[in-house]
file input21.cif (mmCIF, C-alpha atoms, pLDDT in the B column; chains and numbers go by the auth columns)
data_target
loop_
_atom_site.group_PDB
_atom_site.id
_atom_site.type_symbol
_atom_site.label_atom_id
_atom_site.label_comp_id
_atom_site.label_asym_id
_atom_site.label_seq_id
_atom_site.Cartn_x
_atom_site.Cartn_y
_atom_site.Cartn_z
_atom_site.B_iso_or_equiv
_atom_site.auth_seq_id
_atom_site.auth_asym_id
ATOM 1 C CA MET A 1 23.326 -1.222 -5.805 77.00 1 A
ATOM 2 C CA GLU A 2 23.397 -4.677 -4.203 91.00 2 A
ATOM 3 C CA LEU A 3 21.650 -3.121 -1.191 95.00 3 A
ATOM 4 C CA PHE A 4 18.541 -2.604 -3.343 97.00 4 A
ATOM 5 C CA ASN A 5 18.710 -5.841 -5.345 98.00 5 A
ATOM 6 C CA LEU A 6 15.533 -7.945 -4.952 98.00 6 A
ATOM 7 C CA LYS A 7 16.527 -10.730 -7.323 97.00 7 A
ATOM 8 C CA GLY A 8 15.182 -14.056 -6.085 96.00 8 A
ATOM 9 C CA LYS A 9 12.718 -12.411 -3.688 98.00 9 A
ATOM 10 C CA LYS A 10 8.983 -13.125 -3.760 98.00 10 A
ATOM 11 C CA ALA A 11 6.779 -10.046 -3.241 98.00 11 A
ATOM 12 C CA LEU A 12 3.087 -10.424 -2.395 98.00 12 A
ATOM 13 C CA VAL A 13 1.249 -7.192 -3.271 98.00 13 A
ATOM 14 C CA THR A 14 -2.455 -7.176 -2.473 98.00 14 A
ATOM 15 C CA GLY A 15 -4.827 -5.404 -4.846 97.00 15 A
ATOM 16 C CA ALA A 16 -2.092 -4.449 -7.309 97.00 16 A
ATOM 17 C CA THR A 17 -4.166 -4.666 -10.477 97.00 17 A
ATOM 18 C CA HIS A 18 -4.159 -0.917 -11.159 94.00 18 A
ATOM 19 C CA GLY A 19 -3.128 2.503 -9.898 94.00 19 A
ATOM 20 C CA LEU A 20 -0.534 3.026 -7.198 96.00 20 A
ATOM 21 C CA GLY A 21 -0.429 -0.642 -6.227 97.00 21 A
ATOM 22 C CA LYS A 22 0.471 -1.583 -9.764 97.00 22 A
ATOM 23 C CA ALA A 23 3.164 1.110 -9.925 97.00 23 A
ATOM 24 C CA MET A 24 4.743 -0.203 -6.717 98.00 24 A
ATOM 25 C CA ALA A 25 4.574 -3.801 -7.915 98.00 25 A
ATOM 26 C CA GLU A 26 6.298 -2.810 -11.159 98.00 26 A
ATOM 27 C CA GLY A 27 9.011 -1.082 -9.135 98.00 27 A
ATOM 28 C CA LEU A 28 9.603 -4.257 -7.150 98.00 28 A
ATOM 29 C CA ALA A 29 9.678 -6.347 -10.336 98.00 29 A
ATOM 30 C CA LYS A 30 12.207 -4.018 -11.968 98.00 30 A
ATOM 31 C CA ALA A 31 14.422 -4.524 -8.911 98.00 31 A
ATOM 32 C CA GLY A 32 14.239 -8.273 -9.534 98.00 32 A
ATOM 33 C CA ALA A 33 11.337 -9.500 -7.398 98.00 33 A
ATOM 34 C CA GLU A 34 8.823 -12.125 -8.480 98.00 34 A
ATOM 35 C CA LEU A 35 5.268 -10.838 -8.055 98.00 35 A
ATOM 36 C CA LEU A 36 2.305 -12.481 -6.343 98.00 36 A
ATOM 37 C CA ILE A 37 -0.770 -10.342 -6.994 98.00 37 A
ATOM 38 C CA THR A 38 -4.218 -10.569 -5.406 98.00 38 A
ATOM 39 C CA SER A 39 -7.621 -9.283 -6.443 98.00 39 A
ATOM 40 C CA THR A 40 -11.316 -9.980 -5.901 97.00 40 A
ATOM 41 C CA THR A 41 -12.163 -9.402 -9.584 97.00 41 A
ATOM 42 C CA PRO A 42 -11.189 -12.159 -12.066 98.00 42 A
ATOM 43 C CA SER A 43 -11.083 -9.941 -15.168 98.00 43 A
ATOM 44 C CA LYS A 44 -8.910 -7.297 -13.498 97.00 44 A
ATOM 45 C CA LEU A 45 -6.532 -9.897 -12.120 98.00 45 A
ATOM 46 C CA GLU A 46 -6.145 -11.648 -15.471 98.00 46 A
ATOM 47 C CA ALA A 47 -5.526 -8.372 -17.316 98.00 47 A
ATOM 48 C CA ALA A 48 -2.977 -7.204 -14.759 98.00 48 A
ATOM 49 C CA ILE A 49 -1.025 -10.480 -14.799 98.00 49 A
ATOM 50 C CA ASP A 50 -0.956 -10.395 -18.604 98.00 50 A
ATOM 51 C CA GLU A 51 0.413 -6.847 -18.502 98.00 51 A
ATOM 52 C CA TYR A 52 3.090 -7.685 -15.924 98.00 52 A
ATOM 53 C CA ARG A 53 4.209 -10.657 -17.978 98.00 53 A
ATOM 54 C CA SER A 54 4.234 -8.605 -21.176 98.00 54 A
ATOM 55 C CA GLN A 55 6.928 -6.474 -19.533 98.00 55 A
ATOM 56 C CA GLY A 56 9.015 -9.546 -18.855 98.00 56 A
ATOM 57 C CA PHE A 57 8.169 -9.804 -15.164 98.00 57 A
ATOM 58 C CA VAL A 58 7.485 -13.062 -13.340 98.00 58 A
ATOM 59 C CA ALA A 59 3.952 -12.634 -11.970 98.00 59 A
ATOM 60 C CA ASN A 60 1.200 -14.908 -10.699 98.00 60 A
ATOM 61 C CA GLY A 61 -2.316 -14.034 -9.577 98.00 61 A
ATOM 62 C CA TYR A 62 -4.494 -15.232 -6.705 98.00 62 A
ATOM 63 C CA LEU A 63 -8.197 -14.515 -6.451 98.00 63 A
ATOM 64 C CA PHE A 64 -9.473 -13.893 -2.911 98.00 64 A
ATOM 65 C CA ASP A 65 -10.720 -11.276 -0.436 98.00 65 A
ATOM 66 C CA VAL A 66 -8.106 -10.243 2.147 98.00 66 A
ATOM 67 C CA THR A 67 -10.852 -9.856 4.774 98.00 67 A
ATOM 68 C CA ASP A 68 -11.783 -13.552 4.511 98.00 68 A
ATOM 69 C CA GLU A 69 -9.324 -15.083 6.955 98.00 69 A
ATOM 70 C CA SER A 70 -10.047 -18.703 6.075 98.00 70 A
ATOM 71 C CA GLU A 71 -9.707 -18.174 2.323 98.00 71 A
ATOM 72 C CA ALA A 72 -6.658 -15.929 2.762 98.00 72 A
ATOM 73 C CA GLU A 73 -4.965 -18.662 4.802 98.00 73 A
ATOM 74 C CA LYS A 74 -5.612 -21.213 2.040 98.00 74 A
ATOM 75 C CA GLN A 75 -4.321 -18.873 -0.667 98.00 75 A
ATOM 76 C CA VAL A 76 -1.156 -17.931 1.233 98.00 76 A
ATOM 77 C CA ALA A 77 -0.440 -21.629 1.777 98.00 77 A
ATOM 78 C CA GLN A 78 -0.966 -22.217 -1.948 98.00 78 A
ATOM 79 C CA MET A 79 1.421 -19.375 -2.839 98.00 79 A
ATOM 80 C CA ILE A 80 4.123 -20.829 -0.622 97.00 80 A
ATOM 81 C CA SER A 81 3.536 -24.314 -2.026 96.00 81 A
ATOM 82 C CA GLU A 82 3.694 -23.112 -5.638 96.00 82 A
ATOM 83 C CA ARG A 83 6.254 -20.321 -5.528 96.00 83 A
ATOM 84 C CA GLY A 84 8.255 -20.735 -2.314 94.00 84 A
ATOM 85 C CA GLN A 85 8.664 -18.406 0.641 96.00 85 A
ATOM 86 C CA ILE A 86 7.125 -14.919 0.696 98.00 86 A
ATOM 87 C CA ASP A 87 9.910 -12.420 1.409 98.00 87 A
ATOM 88 C CA ILE A 88 7.940 -9.183 1.025 98.00 88 A
ATOM 89 C CA LEU A 89 4.319 -8.343 1.809 98.00 89 A
ATOM 90 C CA VAL A 90 2.804 -5.071 0.607 98.00 90 A
ATOM 91 C CA ASN A 91 -0.647 -4.510 2.113 98.00 91 A
ATOM 92 C CA ASN A 92 -2.041 -2.297 -0.627 98.00 92 A
ATOM 93 C CA ALA A 93 -5.660 -3.470 -1.082 97.00 93 A
ATOM 94 C CA GLY A 94 -8.106 -0.842 0.130 96.00 94 A
ATOM 95 C CA ILE A 95 -11.367 0.984 -0.426 95.00 95 A
ATOM 96 C CA ILE A 96 -12.815 4.413 0.337 94.00 96 A
ATOM 97 C CA LYS A 97 -16.394 5.594 0.728 95.00 97 A
ATOM 98 C CA ARG A 98 -16.814 9.350 0.418 93.00 98 A
ATOM 99 C CA VAL A 99 -19.733 10.187 2.704 96.00 99 A
ATOM 100 C CA MET A 100 -20.037 12.778 5.462 97.00 100 A
ATOM 101 C CA ALA A 101 -19.845 11.047 8.855 97.00 101 A
ATOM 102 C CA ILE A 102 -23.342 12.150 9.854 98.00 102 A
ATOM 103 C CA ASP A 103 -24.774 10.398 6.795 98.00 103 A
ATOM 104 C CA MET A 104 -22.580 7.284 6.691 97.00 104 A
ATOM 105 C CA PRO A 105 -24.341 3.980 7.449 98.00 105 A
ATOM 106 C CA VAL A 106 -22.562 1.981 10.148 98.00 106 A
ATOM 107 C CA GLU A 107 -22.278 -1.023 7.822 98.00 107 A
ATOM 108 C CA ASP A 108 -20.316 1.119 5.311 98.00 108 A
ATOM 109 C CA PHE A 109 -18.016 2.367 8.075 98.00 109 A
ATOM 110 C CA ARG A 110 -17.367 -1.224 9.171 98.00 110 A
ATOM 111 C CA LYS A 111 -16.678 -2.319 5.584 98.00 111 A
ATOM 112 C CA VAL A 112 -13.945 0.285 5.130 98.00 112 A
ATOM 113 C CA ILE A 113 -12.356 -0.627 8.459 98.00 113 A
ATOM 114 C CA ASP A 114 -12.550 -4.311 7.528 98.00 114 A
ATOM 115 C CA VAL A 115 -10.785 -3.911 4.169 98.00 115 A
ATOM 116 C CA ASP A 116 -8.317 -1.137 5.037 98.00 116 A
ATOM 117 C CA LEU A 117 -7.313 -2.209 8.550 98.00 117 A
ATOM 118 C CA VAL A 118 -8.460 -5.737 9.384 98.00 118 A
ATOM 119 C CA GLY A 119 -7.318 -7.030 5.972 98.00 119 A
ATOM 120 C CA PRO A 120 -3.695 -5.919 6.527 98.00 120 A
ATOM 121 C CA PHE A 121 -3.790 -7.455 10.013 98.00 121 A
ATOM 122 C CA ILE A 122 -4.983 -10.797 8.620 98.00 122 A
ATOM 123 C CA MET A 123 -2.420 -10.851 5.817 98.00 123 A
ATOM 124 C CA SER A 124 0.435 -9.739 8.082 98.00 124 A
ATOM 125 C CA ARG A 125 -0.327 -12.488 10.630 98.00 125 A
ATOM 126 C CA LEU A 126 -0.488 -15.155 7.954 98.00 126 A
ATOM 127 C CA VAL A 127 2.713 -14.161 6.182 98.00 127 A
ATOM 128 C CA ALA A 128 4.669 -13.314 9.336 98.00 128 A
ATOM 129 C CA LYS A 129 4.422 -16.860 10.715 97.00 129 A
ATOM 130 C CA ALA A 130 6.939 -18.185 8.197 97.00 130 A
ATOM 131 C CA MET A 131 8.991 -14.974 8.377 98.00 131 A
ATOM 132 C CA ILE A 132 9.378 -15.469 12.140 98.00 132 A
ATOM 133 C CA GLU A 133 10.527 -19.048 11.628 98.00 133 A
ATOM 134 C CA ARG A 134 13.280 -18.065 9.207 97.00 134 A
ATOM 135 C CA LYS A 135 14.109 -14.767 10.994 98.00 135 A
ATOM 136 C CA SER A 136 13.669 -12.580 7.914 98.00 136 A
ATOM 137 C CA GLY A 137 10.960 -10.540 6.197 98.00 137 A
ATOM 138 C CA LYS A 138 9.637 -7.187 5.040 98.00 138 A
ATOM 139 C CA ILE A 139 6.067 -5.981 5.555 99.00 139 A
ATOM 140 C CA ILE A 140 4.920 -2.664 4.086 99.00 140 A
ATOM 141 C CA ASN A 141 1.506 -1.194 4.880 98.00 141 A
ATOM 142 C CA ILE A 142 0.108 1.389 2.496 98.00 142 A
ATOM 143 C CA CYS A 143 -1.077 4.165 4.768 98.00 143 A
ATOM 144 C CA SER A 144 -2.181 7.648 3.706 96.00 144 A
ATOM 145 C CA MET A 145 -1.907 11.314 4.558 94.00 145 A
ATOM 146 C CA MET A 146 -5.242 10.555 6.228 94.00 146 A
ATOM 147 C CA SER A 147 -3.146 8.595 8.723 97.00 147 A
ATOM 148 C CA GLU A 148 -2.244 12.084 9.992 96.00 148 A
ATOM 149 C CA LEU A 149 -4.898 14.508 8.739 95.00 149 A
ATOM 150 C CA GLY A 150 -8.671 14.705 8.626 94.00 150 A
ATOM 151 C CA ARG A 151 -10.807 15.788 5.691 91.00 151 A
ATOM 152 C CA ASP A 152 -14.486 16.008 4.796 93.00 152 A
ATOM 153 C CA ASN A 153 -16.198 12.822 3.635 94.00 153 A
ATOM 154 C CA VAL A 154 -13.511 10.302 4.662 95.00 154 A
ATOM 155 C CA SER A 155 -14.119 9.529 8.348 97.00 155 A
ATOM 156 C CA ALA A 156 -14.020 5.741 7.907 97.00 156 A
ATOM 157 C CA TYR A 157 -10.970 5.868 5.639 97.00 157 A
ATOM 158 C CA ALA A 158 -9.109 8.202 8.008 97.00 158 A
ATOM 159 C CA ALA A 159 -9.999 6.001 10.978 98.00 159 A
ATOM 160 C CA ALA A 160 -8.712 2.920 9.142 98.00 160 A
ATOM 161 C CA LYS A 161 -5.516 4.547 7.893 98.00 161 A
ATOM 162 C CA GLY A 162 -4.815 6.102 11.284 98.00 162 A
ATOM 163 C CA GLY A 163 -5.244 2.648 12.787 98.00 163 A
ATOM 164 C CA LEU A 164 -2.984 1.161 10.119 98.00 164 A
ATOM 165 C CA LYS A 165 -0.238 3.587 11.096 98.00 165 A
ATOM 166 C CA MET A 166 -0.395 2.380 14.688 98.00 166 A
ATOM 167 C CA LEU A 167 -0.727 -1.267 13.654 98.00 167 A
ATOM 168 C CA THR A 168 2.502 -0.782 11.675 98.00 168 A
ATOM 169 C CA LYS A 169 4.300 0.542 14.725 98.00 169 A
ATOM 170 C CA ASN A 170 2.989 -2.214 16.977 98.00 170 A
ATOM 171 C CA LEU A 171 3.817 -5.056 14.596 98.00 171 A
ATOM 172 C CA ALA A 172 7.308 -3.591 14.254 98.00 172 A
ATOM 173 C CA THR A 173 7.585 -3.576 18.044 98.00 173 A
ATOM 174 C CA GLU A 174 6.589 -7.247 18.282 98.00 174 A
ATOM 175 C CA TRP A 175 8.407 -8.635 15.261 98.00 175 A
ATOM 176 C CA ALA A 176 11.654 -6.648 15.045 98.00 176 A
ATOM 177 C CA ARG A 177 13.238 -9.199 17.403 98.00 177 A
ATOM 178 C CA HIS A 178 12.696 -11.745 14.612 98.00 178 A
ATOM 179 C CA ASN A 179 14.506 -9.580 12.029 98.00 179 A
ATOM 180 C CA ILE A 180 11.234 -8.537 10.386 98.00 180 A
ATOM 181 C CA GLN A 181 10.925 -4.912 9.319 98.00 181 A
ATOM 182 C CA VAL A 182 7.382 -3.516 9.328 98.00 182 A
ATOM 183 C CA ASN A 183 7.021 -0.053 7.815 99.00 183 A
ATOM 184 C CA GLY A 184 4.463 2.016 5.950 98.00 184 A
ATOM 185 C CA ILE A 185 4.180 4.307 2.946 98.00 185 A
ATOM 186 C CA GLY A 186 1.826 7.269 2.973 98.00 186 A
ATOM 187 C CA PRO A 187 1.172 8.475 -0.583 97.00 187 A
ATOM 188 C CA GLY A 188 0.157 12.065 -1.184 95.00 188 A
ATOM 189 C CA TYR A 189 -1.956 13.133 -4.164 94.00 189 A
ATOM 190 C CA PHE A 190 -1.038 11.260 -7.326 94.00 190 A
ATOM 191 C CA ALA A 191 -1.791 11.520 -11.019 93.00 191 A
ATOM 192 C CA THR A 192 -3.881 8.414 -11.644 88.00 192 A
ATOM 193 C CA SER A 193 -6.866 7.605 -13.835 83.00 193 A
ATOM 194 C CA GLN A 194 -9.055 8.290 -10.808 77.00 194 A
ATOM 195 C CA THR A 195 -7.786 11.866 -10.415 85.00 195 A
ATOM 196 C CA GLU A 196 -7.522 12.621 -14.145 89.00 196 A
ATOM 197 C CA PRO A 197 -10.901 14.436 -14.397 87.00 197 A
ATOM 198 C CA ILE A 198 -9.891 16.979 -11.745 90.00 198 A
ATOM 199 C CA ARG A 199 -6.281 17.483 -12.840 94.00 199 A
ATOM 200 C CA VAL A 200 -7.168 20.282 -15.242 92.00 200 A
ATOM 201 C CA ASP A 201 -6.509 24.023 -15.204 91.00 201 A
ATOM 202 C CA GLY A 202 -9.269 25.879 -13.450 91.00 202 A
ATOM 203 C CA ASN A 203 -10.472 22.981 -11.329 92.00 203 A
ATOM 204 C CA PRO A 204 -10.500 24.259 -7.706 92.00 204 A
ATOM 205 C CA PHE A 205 -9.132 21.030 -6.244 91.00 205 A
ATOM 206 C CA ASN A 206 -6.340 20.887 -8.818 94.00 206 A
ATOM 207 C CA GLU A 207 -5.363 24.442 -7.927 92.00 207 A
ATOM 208 C CA PHE A 208 -5.540 23.567 -4.219 91.00 208 A
ATOM 209 C CA ILE A 209 -3.177 20.590 -4.599 92.00 209 A
ATOM 210 C CA LEU A 210 -0.693 22.506 -6.748 93.00 210 A
ATOM 211 C CA ASN A 211 -0.629 25.370 -4.250 92.00 211 A
ATOM 212 C CA ARG A 212 -0.645 23.148 -1.162 92.00 212 A
ATOM 213 C CA THR A 213 2.220 20.909 -2.327 95.00 213 A
ATOM 214 C CA PRO A 214 5.701 22.446 -1.950 95.00 214 A
ATOM 215 C CA SER A 215 6.848 20.469 -5.004 95.00 215 A
ATOM 216 C CA GLY A 216 4.135 22.253 -6.989 94.00 216 A
ATOM 217 C CA ARG A 217 2.848 19.154 -8.775 95.00 217 A
ATOM 218 C CA TRP A 218 0.874 15.956 -8.436 96.00 218 A
ATOM 219 C CA GLY A 219 2.909 12.844 -7.763 96.00 219 A
ATOM 220 C CA ASN A 220 3.574 10.394 -10.573 94.00 220 A
ATOM 221 C CA PRO A 221 2.846 6.756 -9.663 92.00 221 A
ATOM 222 C CA GLU A 222 6.479 5.928 -10.449 93.00 222 A
ATOM 223 C CA ASP A 223 7.494 8.249 -7.584 96.00 223 A
ATOM 224 C CA LEU A 224 6.497 5.468 -5.171 97.00 224 A
ATOM 225 C CA ALA A 225 8.761 2.829 -6.716 96.00 225 A
ATOM 226 C CA GLY A 226 11.969 3.913 -5.000 97.00 226 A
ATOM 227 C CA THR A 227 10.359 3.992 -1.572 98.00 227 A
ATOM 228 C CA VAL A 228 8.801 0.540 -1.833 98.00 228 A
ATOM 229 C CA VAL A 229 12.068 -0.917 -3.176 98.00 229 A
ATOM 230 C CA PHE A 230 14.017 0.690 -0.322 98.00 230 A
ATOM 231 C CA LEU A 231 11.636 -0.671 2.332 98.00 231 A
ATOM 232 C CA SER A 232 11.735 -4.123 0.694 98.00 232 A
ATOM 233 C CA SER A 233 15.514 -4.364 0.448 98.00 233 A
ATOM 234 C CA LYS A 234 18.593 -4.807 2.642 98.00 234 A
ATOM 235 C CA ALA A 235 19.006 -1.040 2.529 98.00 235 A
ATOM 236 C CA SER A 236 16.252 -0.745 5.163 98.00 236 A
ATOM 237 C CA ASP A 237 17.313 -3.570 7.502 98.00 237 A
ATOM 238 C CA PHE A 238 17.490 -1.180 10.497 98.00 238 A
ATOM 239 C CA VAL A 239 14.403 0.841 9.582 98.00 239 A
ATOM 240 C CA ASN A 240 11.365 -0.285 11.554 98.00 240 A
ATOM 241 C CA GLY A 241 7.962 1.114 12.526 98.00 241 A
ATOM 242 C CA GLN A 242 8.276 4.144 10.243 98.00 242 A
ATOM 243 C CA ILE A 243 5.737 5.702 7.879 98.00 243 A
ATOM 244 C CA VAL A 244 7.416 7.296 4.859 98.00 244 A
ATOM 245 C CA TYR A 245 5.170 9.996 3.414 98.00 245 A
ATOM 246 C CA VAL A 246 5.687 10.369 -0.327 98.00 246 A
ATOM 247 C CA ASP A 247 3.687 13.578 -0.645 97.00 247 A
ATOM 248 C CA GLY A 248 5.870 16.242 -2.247 97.00 248 A
ATOM 249 C CA GLY A 249 6.188 17.932 1.160 97.00 249 A
ATOM 250 C CA ILE A 250 2.510 18.546 2.003 96.00 250 A
ATOM 251 C CA LEU A 251 2.810 17.307 5.588 96.00 251 A
ATOM 252 C CA ALA A 252 5.945 19.382 6.129 96.00 252 A
ATOM 253 C CA THR A 253 4.228 22.749 5.795 94.00 253 A
ATOM 254 C CA ILE A 254 1.189 24.688 6.956 90.00 254 A
ATOM 255 C CA GLY A 255 0.787 25.935 3.380 84.00 255 A
ATOM 256 C CA LYS A 256 0.815 29.333 1.681 78.00 256 A
ATOM 257 C CA PRO A 257 -1.408 32.286 2.488 74.00 257 A
ATOM 258 C CA SER A 258 -3.998 32.876 -0.214 71.00 258 A
ATOM 259 C CA ASN A 259 -2.272 36.109 -1.292 69.00 259 A
ATOM 260 C CA GLU A 260 1.154 34.487 -1.702 70.00 260 A
ATOM 261 C CA LYS A 261 2.361 33.111 -5.017 65.00 261 A
#
call {"tool": "encode", "arguments": {"input": "input21.cif", "output": "structure tokens"}}
result
Amino acid sequence: MELFNLKGKKALVTGATHGLGKAMAEGLAKAGAELLITSTTPSKLEAAIDEYRSQGFVANGYLFDVTDESEAEKQVAQMISERGQIDILVNNAGIIKRVMAIDMPVEDFRKVIDVDLVGPFIMSRLVAKAMIERKSGKIINICSMMSELGRDNVSAYAAAKGGLKMLTKNLATEWARHNIQVNGIGPGYFATSQTEPIRVDGNPFNEFILNRTPSGRWGNPEDLAGTVVFLSSKASDFVNGQIVYVDGGILATIGKPSNEK
């Protein structure tokens, strides 16, 4: 189990105040990591830090927008000054705007690209500088099945997540020589508060996901913990430039015919 031990490691997880980001951060904390959490909303950040600490985790919060390079640089420097080196970076912060491409304003498209793709680039550059100096580090980009597949209403999100997949591979190419592993996680469809209203019997999308997923269920947020711990630990020291899809097998299959149970 020493391969997966993160005791003494500092893990910076952007946007981990709720949902899948929070589940991954908790997984890292359970493996021994100290958490550095970011948000743009003071109340959400305060509540999340209180909840992490109530579980006995060491967690500290930093309020800034990952797309603001100047402010991000100041905050990363403050983290290092206060808590020491950053061993793990999880680029989780992201947004989605569900609008058909023909109707999407260009400024909304740019905003999604800025948060979901430029933000991870900014944070990776800032954190990687010290990682390169000490020849050690783990960077994990939270991609998506939309890194591989298209779908109605998510053109900007798919463009950003597709770009994030390739950014992951390119950063791995450039930084592997410095003993930095850059990988990604692509979550499938998960049971979160956001999906709760549609995860009911008779809802067409619920039936679609259950039938489309070989595992026959929605993912539980905790299902991501093992993957993020693996990619943050010594166990993945020779894994680089990979996107691990935690999707219950959706991307592995063309799906069932409508007349097949």
call {"tool": "resolve_selection", "arguments": {"input": "input21.cif", "expression": "the PyMOL selection byres ((chain A and resi 79-92) around 8)", "output": "PyMOL selection string"}}
result
chain A and resi 9-16+21+36+75-78+93-94+120+123-124+127+130-131+136-142+232
call {"tool": "resolve_selection", "arguments": {"input": "input21.cif", "expression": "the PyMOL selection byres ((chain A and resi 253) around 12)", "output": "mmCIF file with C-alpha atoms, keeping the file's coordinate frame"}}
result
data_model
loop_
_atom_site.group_PDB
_atom_site.id
_atom_site.type_symbol
_atom_site.label_atom_id
_atom_site.label_comp_id
_atom_site.auth_asym_id
_atom_site.auth_seq_id
_atom_site.Cartn_x
_atom_site.Cartn_y
_atom_site.Cartn_z
ATOM 1 C CA ASN A 211 -0.629 25.370 -4.250
ATOM 2 C CA ARG A 212 -0.645 23.148 -1.162
ATOM 3 C CA THR A 213 2.220 20.909 -2.327
ATOM 4 C CA PRO A 214 5.701 22.446 -1.950
ATOM 5 C CA SER A 215 6.848 20.469 -5.004
ATOM 6 C CA ASP A 247 3.687 13.578 -0.645
ATOM 7 C CA GLY A 248 5.870 16.242 -2.247
ATOM 8 C CA GLY A 249 6.188 17.932 1.160
ATOM 9 C CA ILE A 250 2.510 18.546 2.003
ATOM 10 C CA LEU A 251 2.810 17.307 5.588
ATOM 11 C CA ALA A 252 5.945 19.382 6.129
ATOM 12 C CA ILE A 254 1.189 24.688 6.956
ATOM 13 C CA GLY A 255 0.787 25.935 3.380
ATOM 14 C CA LYS A 256 0.815 29.333 1.681
ATOM 15 C CA PRO A 257 -1.408 32.286 2.488
#
call {"tool": "closest_residue", "arguments": {"input": "input21.cif", "among": "A:Thr195, A:Thr173, A:Thr67, A:Gln242", "to": "Val118 (chain A)", "atoms": "only C-alpha atoms"}}
result
A:Thr67
call {"tool": "axis_aligned_box", "arguments": {"input": "input21.cif", "around": "region 110-122 of chain A", "padding_each_side": "3 Å", "output": "AutoDock Vina command-line options"}}
result
--center_x -10.5 --center_y -5.3 --center_z 7.1 --size_x 19.7 --size_y 17.1 --size_z 11.8
call {"tool": "residues_around", "arguments": {"input": "input21.cif", "residues": "Ala33 (chain A)", "least_positions_apart": "6", "cutoff": "9 Å", "atoms": "all atoms listed in the file", "output": "ChimeraX atom specification"}}
result
/A:5-11,25,27,57-58
call {"tool": "write_last_selection", "arguments": {"input": "input21.cif", "atoms": "C-alpha atoms", "output": "short mmCIF file (atom, residue, chain, number, x, y, z; two decimals), in the coordinates of the input"}}
result
data_model
loop_
_atom_site.label_atom_id
_atom_site.label_comp_id
_atom_site.auth_asym_id
_atom_site.auth_seq_id
_atom_site.Cartn_x
_atom_site.Cartn_y
_atom_site.Cartn_z
CA ASN A 5 18.71 -5.84 -5.34
CA LEU A 6 15.53 -7.94 -4.95
CA LYS A 7 16.53 -10.73 -7.32
CA GLY A 8 15.18 -14.06 -6.08
CA LYS A 9 12.72 -12.41 -3.69
CA LYS A 10 8.98 -13.12 -3.76
CA ALA A 11 6.78 -10.05 -3.24
CA ALA A 25 4.57 -3.80 -7.92
CA GLY A 27 9.01 -1.08 -9.14
CA PHE A 57 8.17 -9.80 -15.16
CA VAL A 58 7.48 -13.06 -13.34
#
call {"tool": "resolve_selection", "arguments": {"input": "input21.cif", "expression": "the PyMOL selection byres ((chain A and resi 181) around 6)", "output": "list in words"}}
result
Lys138, Ile180, Val182 and Asn240 of chain A
call {"tool": "atom_distance", "arguments": {"input": "input21.cif", "atom1": "CA of Met1 (chain A)", "atom2": "CA of Phe238 (chain A)"}}
result
17.3 Å
call {"tool": "residues_around", "arguments": {"input": "input21.cif", "residues": "Asn206 (chain A)", "least_positions_apart": "4", "cutoff": "10 Å", "atoms": "all atoms listed in the file", "output": "list in words"}}
result
Thr195, Glu196, Pro197, Ile198, Arg199, Val200, Asp201, Gly202, Leu210, Asn211, Arg212, Arg217 and Trp218 of chain A
call {"tool": "closest_residue", "arguments": {"input": "input21.cif", "among": "A:Lys44, A:Arg125, A:Lys30, A:His18", "to": "Tyr62 (chain A)", "atoms": "all atoms listed in the file"}}
result
A:Lys44
call {"tool": "residues_around", "arguments": {"input": "input21.cif", "residues": "Thr40 (chain A)", "least_positions_apart": "2", "cutoff": "6 Å", "atoms": "only C-alpha atoms", "output": "list of chain:residue names"}}
result
A:Leu63, A:Phe64, A:Asp65
call {"tool": "closest_residue", "arguments": {"input": "input21.cif", "among": "A:Ser70, A:Asn203, A:Ser155, A:Ser144", "to": "Gly119 (chain A)", "atoms": "all atoms listed in the file"}}
result
A:Ser70
call {"tool": "closest_residue", "arguments": {"input": "input21.cif", "among": "A:Phe109, A:Phe205, A:Phe190, A:Tyr52", "to": "Gly19 (chain A)", "atoms": "only C-alpha atoms"}}
result
A:Phe190
call {"tool": "closest_residue", "arguments": {"input": "input21.cif", "among": "A:Leu149, A:Leu3, A:Met24, A:Ser258", "to": "Glu207 (chain A)", "atoms": "all atoms listed in the file"}}
result
A:Ser258
call {"tool": "residues_around", "arguments": {"input": "input21.cif", "residues": "Ala59 (chain A)", "least_positions_apart": "2", "cutoff": "9 Å", "atoms": "all atoms listed in the file", "output": "ChimeraX atom specification"}}
result
/A:29,34-37,49-50,52-53,57,61
call {"tool": "closest_residue", "arguments": {"input": "input21.cif", "among": "A:Glu69, A:Ala159, A:Thr17, A:Glu26", "to": "Glu46 (chain A)", "atoms": "all atoms listed in the file"}}
result
A:Thr17
call {"tool": "residues_around", "arguments": {"input": "input21.cif", "residues": "Tyr245 (chain A)", "least_positions_apart": "3", "cutoff": "7 Å", "atoms": "only C-alpha atoms", "output": "PyMOL selection string"}}
result
chain A and resi 185-187
call {"tool": "atom_distance", "arguments": {"input": "input21.cif", "atom1": "CA of Ile113 (chain A)", "atom2": "CA of Leu20 (chain A)"}}
result
20.0 Å
call {"tool": "atom_distance", "arguments": {"input": "input21.cif", "atom1": "CA of Val112 (chain A)", "atom2": "CA of Ala158 (chain A)"}}
result
9.7 Å
